[in-house]
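Heads up, the thing below is written out as structure tokens.
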Protein chains: 2
Amino acid sequence: MKKIEAANAAEMPGQPAKRNTPQKAAVKHALGEATGFVSAQQLHQTLKKHGSTIGLATVYRTLADLAQAGEADSLQSKDSEVLYRACTTSHHHHLICRECGLTLEIEAENLEKWADKVATEHGFVQPSHNIDIFGFCAACQSAKTESGVAK
Amino acid sequence: MKKIEAANAAEMPGQPAKRNTPQKAAVKHALGEATGFVSAQQLHQTLKKHGSTIGLATVYRTLADLAQAGEADSLQSKDSEVLYRACTTSHHHHLICRECGLTLEIEAENLEKWADKVATEHGFVQPSHNIDIFGFCAACQSAKTESGVAK
DNA sequence: TCTCTTATTGACAAAGATTCTCAATAAGAC
DNA sequence: GTCTTATTGAGAATCTTTGTCAATAAGAGA
């Protein structure tokens, strides 16, 4: 509590200089390893299973940071928990298997334009959108059919 | 606990015959009155304000039923709570104001086709999708500009 | 390399939404 | 009217997520 007026010019206001820690690296790595969307809880379990002593709060904090930095996408599951996934930073959408969680990134330039157009037509500004497609992937589909669980 | 083997043939399996109650009607009515998406908590507050003694659990149960019956649409808010809205049972999407919650129903036939096509192309079956557009409606926009809170 | 500031961490508490439990009530059929 | 049982309300219980705070350690400078 000695230097008060030092950090006033060199840094972004409100961004106090991030530090690289093994915990962040671990979360990032674990997220990259996951095949589809995973919850913070799941990620925490996985990390512990691999010997990490990382705290649950840290996992939440790191995921929130990644999501804000655009390095992860988030999504609400049916069970009211938030799921995360490592992603490219460019804008895109997802095709997600309801059974196994397999996730494909899809692009849809026309869709972006359509969404913006609809918003503008109705007088809305700063439009953003949520577009995700769900279904059963080929593998899960045949697995289901074979076991006779046809709806 | 006397008759055990009676209800085996006449009723749908697992659907024990719904009953009409004033509580259900009240929830349904309150949901219809709301202008945009509302949470179960909000709805419960509203109902209490109007003199109803309905329980919170009942509101949750009723909303879940309505959503399942296709009479209400649900949506996850940023604060990890589920929002509901009375809707037409036909398939549609929403254009939602981030500020005041004003909600417009929009149709997009081409979009439906596109979503199904993308899913099919990647081997996915039984496709469904989540498409919602957010933005600031004209009213909220001008309110913001006038108060000088331009981003 | 050593020191110093302070961002970050981990353990736990706390908040908040949703679900569960269960005795009491009342809808609908006979 | 009677009876069965779906439904209700109140509160407990559960679950996810966020906040708190002392202890730790990353990174810059000496």
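The chains in the structure tokens are called A, B, ... from first to last as shown; in each chain the residues are counted from 1, and the ligands are counted from 1 in the order shown.
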
With the cut-off set at 8 Å and counting only C-alpha atoms (C1' of nucleotides), tabulate each residue of chain C with an atom at most that distance from an atom of chain A, showing the nearest atom pair and its distance in Å to one decimal, ordered by chain and increasing number, as CSV.
residue,atom,partner,partner_atom,distance
C:DA7,C1',A:Arg19,CA,6.8
C:DT8,C1',A:Arg19,CA,7.9
C:DT9,C1',A:Thr58,CA,7.1
C:DG10,C1',A:Gly55,CA,5.3
C:DA11,C1',A:Gly55,CA,8.0

Expected answer as an MDAnalysis selection string: helix (DSSP H, G or I) residues in segment 26-135 of chain A = chainID A and resid 26:33 40:49 56:69 109:121

Exercise: segment 28-30 of chain A partners within 10 Å, only C-alpha atoms (C1' of nucleotides), chain neighbours under 4 positions left out, as a PyMOL selection string | chain A and resi 22-24+34+38+43-44+46-47+50+59+62-63+66+71-72+85-86

Output of the above residues as a short mmCIF file (atom, residue, chain, number, x, y, z; two decimals), in the first residue's frame, restricted to N, CA, C and O atoms:
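As a result, result-v2.cif now contains:
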data_model
loop_
_atom_site.label_atom_id
_atom_site.label_comp_id
_atom_site.auth_asym_id
_atom_site.auth_seq_id
_atom_site.Cartn_x
_atom_site.Cartn_y
_atom_site.Cartn_z
N PRO A 22 0.29 -22.03 -13.86
CA PRO A 22 0.08 -23.42 -14.26
C PRO A 22 -1.40 -23.81 -14.21
O PRO A 22 -1.86 -24.63 -15.01
N GLN A 23 -2.14 -23.21 -13.29
CA GLN A 23 -3.56 -23.53 -13.18
C GLN A 23 -4.31 -23.14 -14.45
O GLN A 23 -5.11 -23.91 -14.98
N LYS A 24 -4.03 -21.95 -14.94
CA LYS A 24 -4.71 -21.52 -16.16
C LYS A 24 -4.36 -22.43 -17.31
O LYS A 24 -5.22 -22.82 -18.11
N ALA A 34 -11.08 -32.03 -24.23
CA ALA A 34 -12.48 -32.47 -24.23
C ALA A 34 -13.01 -32.52 -25.67
O ALA A 34 -12.67 -31.67 -26.49
N VAL A 38 -18.18 -29.18 -22.11
CA VAL A 38 -18.07 -29.71 -20.75
C VAL A 38 -18.40 -28.62 -19.75
O VAL A 38 -18.22 -27.44 -20.03
N LEU A 43 -14.92 -30.44 -15.68
CA LEU A 43 -13.53 -30.10 -15.90
C LEU A 43 -12.75 -30.19 -14.60
O LEU A 43 -11.61 -30.68 -14.56
N HIS A 44 -13.36 -29.75 -13.53
CA HIS A 44 -12.72 -29.81 -12.22
C HIS A 44 -12.46 -31.26 -11.82
O HIS A 44 -11.39 -31.61 -11.32
N THR A 46 -12.14 -33.83 -13.86
CA THR A 46 -11.10 -34.35 -14.73
C THR A 46 -9.72 -33.95 -14.24
O THR A 46 -8.79 -34.76 -14.16
N LEU A 47 -9.58 -32.68 -13.90
CA LEU A 47 -8.29 -32.17 -13.45
C LEU A 47 -7.86 -32.86 -12.16
O LEU A 47 -6.70 -33.23 -12.00
N HIS A 50 -6.53 -36.24 -12.70
CA HIS A 50 -5.18 -36.25 -13.25
C HIS A 50 -4.15 -35.75 -12.23
O HIS A 50 -3.03 -35.42 -12.59
N VAL A 59 -11.33 -22.89 -11.51
CA VAL A 59 -11.83 -23.39 -12.79
C VAL A 59 -12.91 -22.45 -13.33
O VAL A 59 -12.88 -22.06 -14.50
N THR A 62 -11.27 -19.18 -14.48
CA THR A 62 -10.49 -19.32 -15.70
C THR A 62 -11.41 -19.49 -16.91
O THR A 62 -11.17 -18.89 -17.97
N LEU A 63 -12.45 -20.28 -16.76
CA LEU A 63 -13.38 -20.47 -17.87
C LEU A 63 -14.06 -19.17 -18.24
O LEU A 63 -14.23 -18.86 -19.43
N LEU A 66 -11.59 -17.19 -20.22
CA LEU A 66 -11.43 -17.72 -21.57
C LEU A 66 -12.62 -17.35 -22.45
O LEU A 66 -12.46 -16.98 -23.61
N GLU A 71 -11.72 -17.29 -26.39
CA GLU A 71 -11.01 -18.55 -26.62
C GLU A 71 -11.87 -19.75 -26.28
O GLU A 71 -11.47 -20.90 -26.46
N ALA A 72 -13.05 -19.50 -25.73
CA ALA A 72 -13.97 -20.59 -25.41
C ALA A 72 -15.39 -20.13 -25.68
O ALA A 72 -15.69 -18.94 -25.54
N ARG A 85 -16.41 -24.85 -24.20
CA ARG A 85 -15.69 -25.59 -25.22
C ARG A 85 -14.62 -24.69 -25.82
O ARG A 85 -14.88 -23.52 -26.09
N ALA A 86 -13.43 -25.23 -26.03
CA ALA A 86 -12.37 -24.47 -26.67
C ALA A 86 -12.74 -24.25 -28.13
O ALA A 86 -13.23 -25.16 -28.79
#

Using the chain letters and numbers from this document, which residues of chain A does DSSP assign to strand (DSSP E), as a ChimeraX atom specification?
-> /A:38-39,72-76,82-86,93-97,103-106,125-136

Could you list the residues in chain D lying within 8 Å of chain B, using only C-alpha atoms (C1' of nucleotides), and format the result as a ChimeraX atom specification?
-> /D:6-10

With a distance threshold of 6 Å and counting only C-alpha atoms, extract the residues of chain A near chain B and express them as a list in words.
-> Gly123, Phe124, Val125, Gln126, Pro127, Ser128, His129, Asn130, Ile131, Asp132, Ile133, Phe134, Gly135, Phe136, Cys137 and Ala138 of chain A

Give me a file of those residues, with C-alpha atoms, as a PDB file, in the first residue's frame.
ATOM      1  CA  GLY A 123     -35.470  -1.279 -35.228  1.00  0.00           C
ATOM      2  CA  PHE A 124     -33.043  -3.230 -33.080  1.00  0.00           C
ATOM      3  CA  VAL A 125     -29.407  -2.209 -32.849  1.00  0.00           C
ATOM      4  CA  GLN A 126     -26.236  -3.985 -31.757  1.00  0.00           C
ATOM      5  CA  PRO A 127     -27.634  -7.334 -32.774  1.00  0.00           C
ATOM      6  CA  SER A 128     -26.130 -10.587 -31.609  1.00  0.00           C
ATOM      7  CA  HIS A 129     -27.514 -14.069 -31.895  1.00  0.00           C
ATOM      8  CA  ASN A 130     -27.540 -17.558 -30.505  1.00  0.00           C
ATOM      9  CA  ILE A 131     -27.687 -20.279 -33.095  1.00  0.00           C
ATOM     10  CA  ASP A 132     -27.073 -23.914 -32.281  1.00  0.00           C
ATOM     11  CA  ILE A 133     -28.281 -27.042 -33.993  1.00  0.00           C
ATOM     12  CA  PHE A 134     -28.824 -30.274 -32.096  1.00  0.00           C
ATOM     13  CA  GLY A 135     -29.374 -33.801 -33.325  1.00  0.00           C
ATOM     14  CA  PHE A 136     -28.091 -37.343 -33.093  1.00  0.00           C
ATOM     15  CA  CYS A 137     -24.818 -37.990 -34.907  1.00  0.00           C
ATOM     16  CA  ALA A 138     -24.441 -40.914 -37.297  1.00  0.00           C
TER      17      ALA A 138
END

Selected residue of minimal separation from DT16 of chain D among C:DT6, C:DT18, C:DT1, C:DT25, counting only C-alpha atoms (C1' of nucleotides) | C:DT18

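Of the residues under consideration (B:Arg61, B:Gly36, B:Leu31, B:Ala25), B:Arg61 shows the shortest atom-to-atom contact distance to DT19 of chain C when counting only C-alpha atoms (C1' of nucleotides).
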
Atom-to-atom span, atom CA of Glu109 of chain A and atom CA of Glu33 of chain A, Å = 28.2 Å

Can you work out which one of A:Ala40, A:Gly51, A:Ser90, A:Lys117 has the shortest atom-to-atom distance to Glu105 of chain A, counting only C-alpha atoms?
->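 Comparing A:Ala40, A:Gly51, A:Ser90, A:Lys117 against Glu105 of chain A, the winner is A:Ser90.
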
Atom CA of Phe37 of chain A to atom CA of Ser142 of chain A: how many Å, to one decimal?
->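 Going from atom CA of Phe37 of chain A over to atom CA of Ser142 of chain A, I get 22.1 Å.
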
Proximity to DC30 of chain C - best of D:DC21, D:DC3, D:DA26, D:DA13, only C-alpha atoms (C1' of nucleotides) | D:DC3
